[in-house]
Amino acid sequence: MGPQAVYQDDNARPHRARVVNDFLQQSGVNRMEWPACSPDLNPIENLWDELDRKVRSNHPPPRDVQHLYRMLQAEWQALPQRIFTTLVNSMRTRCVECQNSQGGYTHY
């Protein structure tokens with residue numbers, strides 16, 4: 001990531017656990033301050049959802065963590081470029097909708 005990288009999370013409890021905080025601090029990772037109830041505009045959430053659906057559709061399910069890791073890598077590599085392009089191109093609309101709702105709910 002490099003020395004100028006800044007970590008952004010959505011303030012979910014797993015991201016704010018002591019073990020995570022300790023790791024980030026020990027690793028010298030800068031964390032972006034982010035309001036606790038802010039709208040989630042991060043398109044990566046859509047990609048995680050897509051990966052989850054792809055992995056769950058595999059039969060049989062993963063046998064163990066290593067198998068899950070390999071499945072996730074394979075599914076990530078198989079994601080069509082159009083998904084990434086669509087998500088990037090949606091950012092302007094996401095931001096406008098967030099602004100129009102004054103930081104409240106958006107359909108994203």
# chains A, B, ... in the order shown; residues from 1 in each chain; ligands from 1
>>> select_by_dssp(residues="chain A", states="alpha helix (DSSP H)", output="CSV table (one decimal) with all heavy atoms, in the first residue's frame")
chain,number,residue,atom,x,y,z
A,18,ARG,N,-10.3,-4.4,19.3
A,18,ARG,CA,-9.0,-4.1,19.9
A,18,ARG,C,-7.9,-4.7,19.1
A,18,ARG,O,-6.8,-4.1,18.9
A,18,ARG,CB,-8.9,-4.5,21.4
A,18,ARG,CG,-7.6,-4.2,22.0
A,18,ARG,CD,-7.5,-4.4,23.5
A,18,ARG,NE,-8.5,-3.5,24.0
A,18,ARG,CZ,-8.9,-3.6,25.3
A,18,ARG,NH1,-8.4,-4.5,26.1
A,18,ARG,NH2,-9.8,-2.8,25.8
A,19,VAL,N,-8.0,-6.0,18.7
A,19,VAL,CA,-7.0,-6.7,18.0
A,19,VAL,C,-6.7,-6.0,16.7
A,19,VAL,O,-5.5,-5.9,16.2
A,19,VAL,CB,-7.3,-8.2,17.8
A,19,VAL,CG1,-8.5,-8.4,16.9
A,19,VAL,CG2,-6.1,-9.0,17.3
A,20,VAL,N,-7.7,-5.5,16.0
A,20,VAL,CA,-7.5,-4.8,14.8
A,20,VAL,C,-6.8,-3.5,15.0
A,20,VAL,O,-5.9,-3.1,14.3
A,20,VAL,CB,-8.9,-4.6,14.0
A,20,VAL,CG1,-8.7,-3.7,12.8
A,20,VAL,CG2,-9.5,-5.9,13.7
A,21,ASN,N,-7.3,-2.7,16.0
A,21,ASN,CA,-6.7,-1.5,16.4
A,21,ASN,C,-5.2,-1.6,16.7
A,21,ASN,O,-4.4,-0.9,16.2
A,21,ASN,CB,-7.4,-0.8,17.5
A,21,ASN,CG,-8.8,-0.2,17.1
A,21,ASN,OD1,-9.0,0.1,16.0
A,21,ASN,ND2,-9.7,-0.2,18.1
A,22,ASP,N,-4.9,-2.7,17.5
A,22,ASP,CA,-3.5,-2.9,17.9
A,22,ASP,C,-2.7,-3.2,16.6
A,22,ASP,O,-1.6,-2.7,16.5
A,22,ASP,CB,-3.4,-4.1,18.9
A,22,ASP,CG,-4.0,-3.7,20.2
A,22,ASP,OD1,-4.3,-2.5,20.5
A,22,ASP,OD2,-4.2,-4.6,21.0
A,23,PHE,N,-3.2,-4.1,15.8
A,23,PHE,CA,-2.5,-4.5,14.5
A,23,PHE,C,-2.2,-3.2,13.7
A,23,PHE,O,-1.1,-3.0,13.2
A,23,PHE,CB,-3.2,-5.5,13.7
A,23,PHE,CG,-2.6,-5.8,12.4
A,23,PHE,CD1,-1.5,-6.6,12.3
A,23,PHE,CD2,-3.1,-5.2,11.2
A,23,PHE,CE1,-0.9,-6.8,11.1
A,23,PHE,CE2,-2.5,-5.4,10.0
A,23,PHE,CZ,-1.4,-6.2,9.9
A,24,LEU,N,-3.2,-2.4,13.4
A,24,LEU,CA,-3.0,-1.2,12.6
A,24,LEU,C,-2.0,-0.3,13.2
A,24,LEU,O,-1.2,0.3,12.5
A,24,LEU,CB,-4.4,-0.5,12.4
A,24,LEU,CG,-5.4,-1.3,11.5
A,24,LEU,CD1,-6.7,-0.6,11.5
A,24,LEU,CD2,-4.9,-1.6,10.1
A,25,GLN,N,-2.1,-0.1,14.5
A,25,GLN,CA,-1.2,0.8,15.2
A,25,GLN,C,0.3,0.3,15.1
A,25,GLN,O,1.2,1.0,14.7
A,25,GLN,CB,-1.6,1.0,16.6
A,25,GLN,CG,-0.8,2.1,17.3
A,25,GLN,CD,-1.4,2.4,18.7
A,25,GLN,OE1,-1.7,1.5,19.4
A,25,GLN,NE2,-1.4,3.7,19.0
A,26,GLN,N,0.4,-1.0,15.4
A,26,GLN,CA,1.8,-1.6,15.3
A,26,GLN,C,2.3,-1.6,13.9
A,26,GLN,O,3.6,-1.6,13.7
A,26,GLN,CB,1.7,-3.1,15.8
A,26,GLN,CG,1.5,-3.1,17.3
A,26,GLN,CD,1.2,-4.6,17.8
A,26,GLN,OE1,1.3,-5.5,17.0
A,26,GLN,NE2,0.9,-4.7,19.1
A,44,ILE,N,-16.9,-1.2,-3.0
A,44,ILE,CA,-16.3,-2.5,-2.7
A,44,ILE,C,-17.4,-3.4,-2.0
A,44,ILE,O,-17.3,-4.6,-2.2
A,44,ILE,CB,-15.1,-2.4,-1.8
A,44,ILE,CG1,-14.3,-3.7,-1.8
A,44,ILE,CG2,-15.4,-2.0,-0.4
A,44,ILE,CD1,-13.6,-4.0,-3.1
A,45,GLU,N,-18.3,-2.8,-1.3
A,45,GLU,CA,-19.4,-3.6,-0.7
A,45,GLU,C,-20.2,-4.4,-1.8
A,45,GLU,O,-20.6,-5.5,-1.5
A,45,GLU,CB,-20.3,-2.7,0.1
A,45,GLU,CG,-19.7,-2.0,1.2
A,45,GLU,CD,-19.1,-2.8,2.3
A,45,GLU,OE1,-19.5,-4.0,2.4
A,45,GLU,OE2,-18.3,-2.3,3.1
A,46,ASN,N,-20.4,-3.8,-2.9
A,46,ASN,CA,-21.1,-4.5,-4.0
A,46,ASN,C,-20.2,-5.7,-4.5
A,46,ASN,O,-20.8,-6.7,-4.9
A,46,ASN,CB,-21.4,-3.5,-5.2
A,46,ASN,CG,-22.2,-2.4,-4.7
A,46,ASN,OD1,-21.7,-1.4,-4.3
A,46,ASN,ND2,-23.5,-2.5,-4.9
A,47,LEU,N,-18.9,-5.5,-4.6
A,47,LEU,CA,-18.1,-6.6,-5.0
A,47,LEU,C,-18.0,-7.7,-4.0
A,47,LEU,O,-18.0,-8.9,-4.4
A,47,LEU,CB,-16.6,-6.0,-5.3
A,47,LEU,CG,-16.5,-5.1,-6.5
A,47,LEU,CD1,-15.1,-4.5,-6.5
A,47,LEU,CD2,-16.9,-5.8,-7.8
A,48,TRP,N,-18.0,-7.4,-2.7
A,48,TRP,CA,-18.0,-8.4,-1.7
A,48,TRP,C,-19.3,-9.2,-1.8
A,48,TRP,O,-19.3,-10.4,-1.7
A,48,TRP,CB,-17.9,-7.8,-0.3
A,48,TRP,CG,-16.7,-7.1,0.1
A,48,TRP,CD1,-16.6,-6.1,1.0
A,48,TRP,CD2,-15.3,-7.4,-0.3
A,48,TRP,NE1,-15.3,-5.7,1.1
A,48,TRP,CE2,-14.5,-6.5,0.3
A,48,TRP,CE3,-14.8,-8.3,-1.2
A,48,TRP,CZ2,-13.1,-6.5,0.1
A,48,TRP,CZ3,-13.4,-8.3,-1.4
A,48,TRP,CH2,-12.6,-7.4,-0.8
A,49,ASP,N,-20.4,-8.5,-2.1
A,49,ASP,CA,-21.7,-9.2,-2.2
A,49,ASP,C,-21.7,-10.2,-3.4
A,49,ASP,O,-22.1,-11.3,-3.4
A,49,ASP,CB,-22.8,-8.2,-2.4
A,49,ASP,CG,-24.2,-8.9,-2.5
A,49,ASP,OD1,-24.6,-9.6,-1.6
A,49,ASP,OD2,-24.9,-8.6,-3.5
A,50,GLU,N,-21.1,-9.7,-4.5
A,50,GLU,CA,-21.0,-10.5,-5.7
A,50,GLU,C,-20.1,-11.7,-5.5
A,50,GLU,O,-20.5,-12.9,-5.8
A,50,GLU,CB,-20.4,-9.7,-6.9
A,50,GLU,CG,-20.3,-10.4,-8.2
A,50,GLU,CD,-21.6,-10.7,-8.9
A,50,GLU,OE1,-22.6,-10.0,-8.5
A,50,GLU,OE2,-21.7,-11.6,-9.7
A,51,LEU,N,-19.0,-11.5,-4.8
A,51,LEU,CA,-18.1,-12.7,-4.5
A,51,LEU,C,-18.8,-13.7,-3.6
A,51,LEU,O,-18.7,-14.9,-3.8
A,51,LEU,CB,-16.8,-12.2,-3.8
A,51,LEU,CG,-15.8,-11.6,-4.7
A,51,LEU,CD1,-14.6,-11.1,-3.9
A,51,LEU,CD2,-15.2,-12.7,-5.6
A,52,ASP,N,-19.6,-13.2,-2.6
A,52,ASP,CA,-20.3,-14.0,-1.7
A,52,ASP,C,-21.3,-14.9,-2.4
A,52,ASP,O,-21.3,-16.1,-2.2
A,52,ASP,CB,-21.0,-13.2,-0.6
A,52,ASP,CG,-21.8,-14.0,0.4
A,52,ASP,OD1,-21.2,-14.9,1.0
A,52,ASP,OD2,-23.0,-13.8,0.5
A,53,ARG,N,-22.0,-14.3,-3.3
A,53,ARG,CA,-23.0,-15.1,-4.1
A,53,ARG,C,-22.3,-16.1,-5.0
A,53,ARG,O,-22.8,-17.2,-5.1
A,53,ARG,CB,-23.9,-14.1,-5.0
A,53,ARG,CG,-25.0,-13.4,-4.2
A,53,ARG,CD,-25.9,-12.6,-5.0
A,53,ARG,NE,-25.4,-11.3,-5.1
A,53,ARG,CZ,-25.1,-10.6,-6.2
A,53,ARG,NH1,-25.3,-11.2,-7.3
A,53,ARG,NH2,-24.7,-9.4,-6.1
A,54,LYS,N,-21.2,-15.7,-5.6
A,54,LYS,CA,-20.5,-16.7,-6.5
A,54,LYS,C,-20.0,-17.9,-5.7
A,54,LYS,O,-20.1,-19.0,-6.1
A,54,LYS,CB,-19.3,-16.0,-7.2
A,54,LYS,CG,-19.7,-14.9,-8.1
A,54,LYS,CD,-20.2,-15.5,-9.4
A,54,LYS,CE,-20.4,-14.3,-10.4
A,54,LYS,NZ,-21.0,-14.8,-11.7
A,55,VAL,N,-19.3,-17.6,-4.5
A,55,VAL,CA,-18.8,-18.7,-3.7
A,55,VAL,C,-19.9,-19.6,-3.2
A,55,VAL,O,-19.8,-20.8,-3.2
A,55,VAL,CB,-17.9,-18.1,-2.6
A,55,VAL,CG1,-17.5,-19.2,-1.6
A,55,VAL,CG2,-16.6,-17.5,-3.2
A,56,ARG,N,-21.0,-19.0,-2.7
A,56,ARG,CA,-22.1,-19.8,-2.2
A,56,ARG,C,-22.8,-20.6,-3.3
A,56,ARG,O,-23.4,-21.6,-3.0
A,56,ARG,CB,-23.1,-18.9,-1.6
A,56,ARG,CG,-22.7,-18.3,-0.2
A,56,ARG,CD,-23.7,-17.4,0.4
A,56,ARG,NE,-23.2,-16.7,1.5
A,56,ARG,CZ,-23.2,-17.1,2.7
A,56,ARG,NH1,-23.7,-18.3,3.0
A,56,ARG,NH2,-22.7,-16.4,3.7
A,65,VAL,N,-10.6,-23.3,5.2
A,65,VAL,CA,-10.3,-21.9,5.0
A,65,VAL,C,-9.4,-21.7,3.7
A,65,VAL,O,-9.6,-20.8,2.9
A,65,VAL,CB,-9.6,-21.2,6.2
A,65,VAL,CG1,-9.1,-19.9,5.9
A,65,VAL,CG2,-10.5,-21.2,7.4
A,66,GLN,N,-8.5,-22.7,3.6
A,66,GLN,CA,-7.6,-22.6,2.4
A,66,GLN,C,-8.4,-22.8,1.1
A,66,GLN,O,-8.1,-22.1,0.1
A,66,GLN,CB,-6.5,-23.7,2.5
A,66,GLN,CG,-5.4,-23.4,3.5
A,66,GLN,CD,-5.9,-23.8,4.9
A,66,GLN,OE1,-6.9,-24.6,5.1
A,66,GLN,NE2,-5.3,-23.2,6.0
A,67,HIS,N,-9.3,-23.7,1.1
A,67,HIS,CA,-10.2,-23.9,-0.1
A,67,HIS,C,-11.0,-22.7,-0.3
A,67,HIS,O,-11.2,-22.3,-1.5
A,67,HIS,CB,-11.1,-25.2,0.2
A,67,HIS,CG,-11.8,-25.6,-1.0
A,67,HIS,ND1,-13.1,-26.1,-1.0
A,67,HIS,CD2,-11.5,-25.5,-2.4
A,67,HIS,CE1,-13.5,-26.4,-2.2
A,67,HIS,NE2,-12.6,-26.0,-3.0
A,68,LEU,N,-11.6,-22.1,0.7
A,68,LEU,CA,-12.4,-20.8,0.6
A,68,LEU,C,-11.5,-19.7,0.0
A,68,LEU,O,-11.9,-19.0,-1.0
A,68,LEU,CB,-12.9,-20.4,1.9
A,68,LEU,CG,-13.6,-19.0,1.9
A,68,LEU,CD1,-14.8,-19.0,1.0
A,68,LEU,CD2,-14.0,-18.7,3.4
A,69,TYR,N,-10.3,-19.6,0.4
A,69,TYR,CA,-9.3,-18.6,-0.1
A,69,TYR,C,-9.1,-18.8,-1.6
A,69,TYR,O,-9.2,-17.9,-2.4
A,69,TYR,CB,-8.0,-18.7,0.7
A,69,TYR,CG,-7.0,-17.7,0.3
A,69,TYR,CD1,-7.1,-16.4,0.6
A,69,TYR,CD2,-5.9,-18.1,-0.5
A,69,TYR,CE1,-6.1,-15.4,0.3
A,69,TYR,CE2,-4.9,-17.2,-0.9
A,69,TYR,CZ,-5.1,-15.9,-0.5
A,69,TYR,OH,-4.1,-14.9,-0.9
A,70,ARG,N,-8.9,-20.0,-2.0
A,70,ARG,CA,-8.7,-20.3,-3.4
A,70,ARG,C,-9.9,-20.0,-4.2
A,70,ARG,O,-9.8,-19.5,-5.3
A,70,ARG,CB,-8.2,-21.8,-3.6
A,70,ARG,CG,-6.8,-22.0,-3.1
A,70,ARG,CD,-6.3,-23.4,-3.6
A,70,ARG,NE,-7.1,-24.5,-3.1
A,70,ARG,CZ,-7.0,-25.1,-1.9
A,70,ARG,NH1,-6.1,-24.7,-1.1
A,70,ARG,NH2,-7.8,-26.1,-1.6
A,71,MET,N,-11.1,-20.4,-3.7
A,71,MET,CA,-12.3,-20.1,-4.4
A,71,MET,C,-12.5,-18.6,-4.5
A,71,MET,O,-12.9,-18.1,-5.6
A,71,MET,CB,-13.5,-20.7,-3.6
A,71,MET,CG,-13.6,-22.2,-3.7
A,71,MET,SD,-14.9,-22.9,-2.7
A,71,MET,CE,-16.3,-22.5,-3.6
A,72,LEU,N,-12.3,-17.8,-3.5
A,72,LEU,CA,-12.4,-16.4,-3.6
A,72,LEU,C,-11.5,-15.8,-4.6
A,72,LEU,O,-11.9,-14.9,-5.4
A,72,LEU,CB,-12.2,-15.7,-2.2
A,72,LEU,CG,-13.3,-15.9,-1.2
A,72,LEU,CD1,-12.8,-15.5,0.2
A,72,LEU,CD2,-14.5,-15.1,-1.5
A,73,GLN,N,-10.2,-16.3,-4.6
A,73,GLN,CA,-9.3,-15.8,-5.6
A,73,GLN,C,-9.7,-16.1,-7.0
A,73,GLN,O,-9.7,-15.2,-7.9
A,73,GLN,CB,-7.9,-16.4,-5.4
A,73,GLN,CG,-7.2,-15.8,-4.2
A,73,GLN,CD,-5.8,-16.4,-4.1
A,73,GLN,OE1,-5.6,-17.6,-4.2
A,73,GLN,NE2,-4.8,-15.5,-3.8
A,74,ALA,N,-10.2,-17.3,-7.2
A,74,ALA,CA,-10.7,-17.7,-8.6
A,74,ALA,C,-11.9,-16.8,-9.0
A,74,ALA,O,-12.0,-16.4,-10.1
A,74,ALA,CB,-11.0,-19.2,-8.6
A,75,GLU,N,-12.8,-16.7,-8.1
A,75,GLU,CA,-14.0,-15.9,-8.4
A,75,GLU,C,-13.7,-14.4,-8.6
A,75,GLU,O,-14.3,-13.8,-9.5
A,75,GLU,CB,-15.1,-16.0,-7.3
A,75,GLU,CG,-15.7,-17.4,-7.2
A,75,GLU,CD,-16.4,-17.9,-8.5
A,75,GLU,OE1,-16.7,-17.1,-9.4
A,75,GLU,OE2,-16.8,-19.1,-8.5
A,76,TRP,N,-12.7,-13.9,-7.9
A,76,TRP,CA,-12.3,-12.5,-8.1
A,76,TRP,C,-11.7,-12.3,-9.5
A,76,TRP,O,-12.1,-11.4,-10.2
A,76,TRP,CB,-11.3,-12.1,-7.0
A,76,TRP,CG,-10.9,-10.7,-7.1
A,76,TRP,CD1,-9.8,-10.2,-7.8
A,76,TRP,CD2,-11.5,-9.5,-6.6
A,76,TRP,NE1,-9.7,-8.9,-7.8
A,76,TRP,CE2,-10.7,-8.4,-7.0
A,76,TRP,CE3,-12.6,-9.3,-5.8
A,76,TRP,CZ2,-11.0,-7.1,-6.7
A,76,TRP,CZ3,-12.9,-8.0,-5.5
A,76,TRP,CH2,-12.2,-6.9,-5.9
A,77,GLN,N,-10.9,-13.2,-9.8
A,77,GLN,CA,-10.2,-13.2,-11.2
A,77,GLN,C,-11.3,-13.3,-12.3
A,77,GLN,O,-11.1,-12.8,-13.4
A,77,GLN,CB,-9.2,-14.3,-11.3
A,77,GLN,CG,-8.0,-14.1,-10.4
A,77,GLN,CD,-7.2,-12.8,-10.7
A,77,GLN,OE1,-7.0,-12.5,-11.9
A,77,GLN,NE2,-6.7,-12.1,-9.7
A,78,ALA,N,-12.4,-14.0,-12.0
A,78,ALA,CA,-13.4,-14.2,-13.0
A,78,ALA,C,-14.4,-13.1,-13.1
A,78,ALA,O,-15.2,-13.1,-14.1
A,78,ALA,CB,-14.1,-15.5,-12.7
A,81,GLN,N,-14.9,-7.2,-16.2
A,81,GLN,CA,-14.5,-5.8,-16.1
A,81,GLN,C,-15.7,-4.9,-16.0
A,81,GLN,O,-15.6,-3.9,-15.4
A,81,GLN,CB,-13.5,-5.5,-17.3
A,81,GLN,CG,-13.0,-4.1,-17.2
A,81,GLN,CD,-12.1,-3.8,-16.0
A,81,GLN,OE1,-11.3,-4.6,-15.6
A,81,GLN,NE2,-12.3,-2.6,-15.4
A,82,ARG,N,-16.8,-5.3,-16.7
A,82,ARG,CA,-17.9,-4.4,-16.7
A,82,ARG,C,-18.5,-4.1,-15.3
A,82,ARG,O,-19.0,-3.0,-15.1
A,82,ARG,CB,-19.0,-4.9,-17.6
A,82,ARG,CG,-19.7,-6.2,-17.1
A,82,ARG,CD,-20.9,-6.6,-17.9
A,82,ARG,NE,-21.3,-7.9,-17.6
A,82,ARG,CZ,-21.8,-8.3,-16.4
A,82,ARG,NH1,-22.0,-7.4,-15.5
A,82,ARG,NH2,-22.1,-9.6,-16.2
A,83,ILE,N,-18.3,-5.0,-14.4
A,83,ILE,CA,-18.8,-4.8,-13.0
A,83,ILE,C,-18.0,-3.7,-12.4
A,83,ILE,O,-18.6,-2.8,-11.8
A,83,ILE,CB,-18.7,-6.1,-12.2
A,83,ILE,CG1,-19.7,-7.1,-12.7
A,83,ILE,CG2,-18.9,-5.8,-10.7
A,83,ILE,CD1,-19.6,-8.4,-11.9
A,84,PHE,N,-16.7,-3.7,-12.5
A,84,PHE,CA,-15.8,-2.6,-12.0
A,84,PHE,C,-16.1,-1.3,-12.6
A,84,PHE,O,-16.2,-0.3,-11.9
A,84,PHE,CB,-14.3,-3.0,-12.2
A,84,PHE,CG,-13.9,-4.3,-11.5
A,84,PHE,CD1,-14.0,-5.5,-12.1
A,84,PHE,CD2,-13.5,-4.2,-10.1
A,84,PHE,CE1,-13.6,-6.7,-11.4
A,84,PHE,CE2,-13.2,-5.4,-9.5
A,84,PHE,CZ,-13.2,-6.6,-10.1
A,85,THR,N,-16.3,-1.3,-13.9
A,85,THR,CA,-16.5,-0.1,-14.7
A,85,THR,C,-17.9,0.5,-14.2
A,85,THR,O,-18.0,1.7,-14.0
A,85,THR,CB,-16.6,-0.3,-16.2
A,85,THR,OG1,-15.3,-0.9,-16.6
A,85,THR,CG2,-16.8,0.9,-17.0
A,86,THR,N,-18.9,-0.3,-14.1
A,86,THR,CA,-20.2,0.2,-13.7
A,86,THR,C,-20.1,0.8,-12.3
A,86,THR,O,-20.7,1.8,-12.1
A,86,THR,CB,-21.2,-1.0,-13.7
A,86,THR,OG1,-21.3,-1.5,-15.1
A,86,THR,CG2,-22.6,-0.5,-13.2
A,87,LEU,N,-19.4,0.1,-11.4
A,87,LEU,CA,-19.3,0.7,-10.0
A,87,LEU,C,-18.6,2.0,-10.0
A,87,LEU,O,-19.0,2.9,-9.3
A,87,LEU,CB,-18.7,-0.4,-9.1
A,87,LEU,CG,-19.5,-1.6,-8.8
A,87,LEU,CD1,-18.7,-2.6,-8.1
A,87,LEU,CD2,-20.7,-1.2,-8.0
A,88,VAL,N,-17.5,2.1,-10.7
A,88,VAL,CA,-16.7,3.3,-10.8
A,88,VAL,C,-17.6,4.4,-11.4
A,88,VAL,O,-17.7,5.6,-10.9
A,88,VAL,CB,-15.4,3.2,-11.6
A,88,VAL,CG1,-14.8,4.5,-11.9
A,88,VAL,CG2,-14.5,2.3,-10.8
A,89,ASN,N,-18.3,4.1,-12.5
A,89,ASN,CA,-19.2,5.1,-13.1
A,89,ASN,C,-20.4,5.5,-12.3
A,89,ASN,O,-21.0,6.6,-12.5
A,89,ASN,CB,-19.6,4.6,-14.5
A,89,ASN,CG,-18.5,4.5,-15.5
A,89,ASN,OD1,-17.4,5.2,-15.3
A,89,ASN,ND2,-18.6,3.7,-16.5
A,91,MET,N,-20.2,6.3,-9.1
A,91,MET,CA,-19.8,7.2,-8.0
A,91,MET,C,-20.5,8.6,-8.0
A,91,MET,O,-20.9,9.1,-7.0
A,91,MET,CB,-18.3,7.3,-7.9
A,91,MET,CG,-17.7,6.0,-7.4
A,91,MET,SD,-18.4,5.3,-5.8
A,91,MET,CE,-18.1,6.6,-4.7
A,92,ARG,N,-20.5,9.2,-9.1
A,92,ARG,CA,-21.1,10.5,-9.2
A,92,ARG,C,-22.6,10.5,-8.7
A,92,ARG,O,-23.0,11.3,-7.9
A,92,ARG,CB,-21.1,11.1,-10.6
A,92,ARG,CG,-21.7,12.5,-10.7
A,92,ARG,CD,-21.6,13.1,-12.1
A,92,ARG,NE,-20.3,13.2,-12.6
A,92,ARG,CZ,-19.4,14.2,-12.4
A,92,ARG,NH1,-19.9,15.2,-11.7
A,92,ARG,NH2,-18.2,14.2,-12.8
A,93,THR,N,-23.3,9.5,-9.2
A,93,THR,CA,-24.7,9.3,-8.8
A,93,THR,C,-24.9,9.0,-7.4
A,93,THR,O,-25.8,9.6,-6.7
A,93,THR,CB,-25.4,8.2,-9.7
A,93,THR,OG1,-25.2,8.5,-11.1
A,93,THR,CG2,-26.9,8.1,-9.4
A,94,ARG,N,-24.0,8.2,-6.8
A,94,ARG,CA,-24.0,7.9,-5.4
A,94,ARG,C,-23.8,9.1,-4.6
A,94,ARG,O,-24.5,9.3,-3.6
A,94,ARG,CB,-22.9,6.9,-5.1
A,94,ARG,CG,-23.1,5.5,-5.6
A,94,ARG,CD,-21.8,4.7,-5.4
A,94,ARG,NE,-21.9,3.4,-6.0
A,94,ARG,CZ,-22.2,2.3,-5.3
A,94,ARG,NH1,-22.3,2.3,-4.0
A,94,ARG,NH2,-22.3,1.1,-5.9
A,95,CYS,N,-22.8,9.9,-5.0
A,95,CYS,CA,-22.5,11.1,-4.2
A,95,CYS,C,-23.7,12.2,-4.3
A,95,CYS,O,-24.1,12.8,-3.3
A,95,CYS,CB,-21.2,11.8,-4.7
A,95,CYS,SG,-19.8,10.8,-4.3
A,96,VAL,N,-24.3,12.3,-5.5
A,96,VAL,CA,-25.4,13.2,-5.6
A,96,VAL,C,-26.6,12.8,-4.8
A,96,VAL,O,-27.2,13.6,-4.1
A,96,VAL,CB,-25.8,13.4,-7.1
A,96,VAL,CG1,-27.1,14.1,-7.3
A,96,VAL,CG2,-24.7,14.1,-7.9
A,97,GLU,N,-26.9,11.5,-4.8
A,97,GLU,CA,-28.0,10.9,-4.1
A,97,GLU,C,-27.7,11.1,-2.6
A,97,GLU,O,-28.6,11.5,-1.8
A,97,GLU,CB,-28.2,9.5,-4.4
A,97,GLU,CG,-29.5,8.9,-3.8
A,97,GLU,CD,-29.8,7.5,-4.3
A,97,GLU,OE1,-29.6,7.2,-5.4
A,97,GLU,OE2,-30.4,6.8,-3.4
A,98,CYS,N,-26.5,10.9,-2.1
A,98,CYS,CA,-26.2,11.1,-0.7
A,98,CYS,C,-26.3,12.6,-0.3
A,98,CYS,O,-26.9,12.9,0.7
A,98,CYS,CB,-24.7,10.7,-0.5
A,98,CYS,SG,-24.2,10.9,1.2
A,99,GLN,N,-25.9,13.5,-1.2
A,99,GLN,CA,-26.0,14.9,-0.9
A,99,GLN,C,-27.5,15.3,-0.9
A,99,GLN,O,-28.0,16.0,0.0
A,99,GLN,CB,-25.3,15.7,-2.0
A,99,GLN,CG,-25.3,17.2,-1.7
A,99,GLN,CD,-24.5,18.0,-2.7
A,99,GLN,OE1,-24.2,17.5,-3.8
A,99,GLN,NE2,-24.0,19.1,-2.4
A,100,ASN,N,-28.3,14.8,-1.8
A,100,ASN,CA,-29.7,15.1,-1.9
A,100,ASN,C,-30.5,14.6,-0.7
A,100,ASN,O,-31.5,15.2,-0.2
A,100,ASN,CB,-30.4,14.6,-3.2
A,100,ASN,CG,-29.9,15.4,-4.4
A,100,ASN,OD1,-29.4,16.5,-4.3
A,100,ASN,ND2,-30.1,14.8,-5.6
>>> select_by_dssp(residues="stretch 3-106 of chain A", states="strand (DSSP E)", output="ChimeraX atom specification")
/A:6-7,30-31
>>> closest_residue(among="A:Val6, A:His107, A:Ser57, A:Arg63", to="A:Gly28", atoms="only C-alpha atoms")
A:Val6
>>> closest_residue(among="A:Ser90, A:Pro35, A:Pro60, A:Val29", to="A:Ala12", atoms="only C-alpha atoms")
A:Pro35
>>> closest_residue(among="A:Ser101, A:Ser27, A:Tyr108, A:Asp64", to="A:Gly2", atoms="only C-alpha atoms")
A:Ser27
>>> atom_distance(atom1="atom CA of A:His59", atom2="atom CA of A:Pro80")
21.2 Å
>>> decode(residues="stretch 74-104 of chain A", atoms="C-alpha atoms", output="CSV table (one decimal), in the first residue's frame")
chain,number,residue,atom,x,y,z
A,74,ALA,CA,-10.7,-17.7,-8.6
A,75,GLU,CA,-14.0,-15.9,-8.4
A,76,TRP,CA,-12.3,-12.5,-8.1
A,77,GLN,CA,-10.2,-13.2,-11.2
A,78,ALA,CA,-13.4,-14.2,-13.0
A,79,LEU,CA,-15.4,-11.0,-12.3
A,80,PRO,CA,-16.0,-9.3,-15.6
A,81,GLN,CA,-14.5,-5.8,-16.1
A,82,ARG,CA,-17.9,-4.4,-16.7
A,83,ILE,CA,-18.8,-4.8,-13.0
A,84,PHE,CA,-15.8,-2.6,-12.0
A,85,THR,CA,-16.5,-0.1,-14.7
A,86,THR,CA,-20.2,0.2,-13.7
A,87,LEU,CA,-19.3,0.7,-10.0
A,88,VAL,CA,-16.7,3.3,-10.8
A,89,ASN,CA,-19.2,5.1,-13.1
A,90,SER,CA,-21.8,5.0,-10.4
A,91,MET,CA,-19.8,7.2,-8.0
A,92,ARG,CA,-21.1,10.5,-9.2
A,93,THR,CA,-24.7,9.3,-8.8
A,94,ARG,CA,-24.0,7.9,-5.4
A,95,CYS,CA,-22.5,11.1,-4.2
A,96,VAL,CA,-25.4,13.2,-5.6
A,97,GLU,CA,-28.0,10.9,-4.1
A,98,CYS,CA,-26.2,11.1,-0.7
A,99,GLN,CA,-26.0,14.9,-0.9
A,100,ASN,CA,-29.7,15.1,-1.9
A,101,SER,CA,-30.7,12.9,1.1
A,102,GLN,CA,-28.5,15.1,3.3
A,103,GLY,CA,-26.4,12.1,4.3
A,104,GLY,CA,-29.3,9.9,4.9
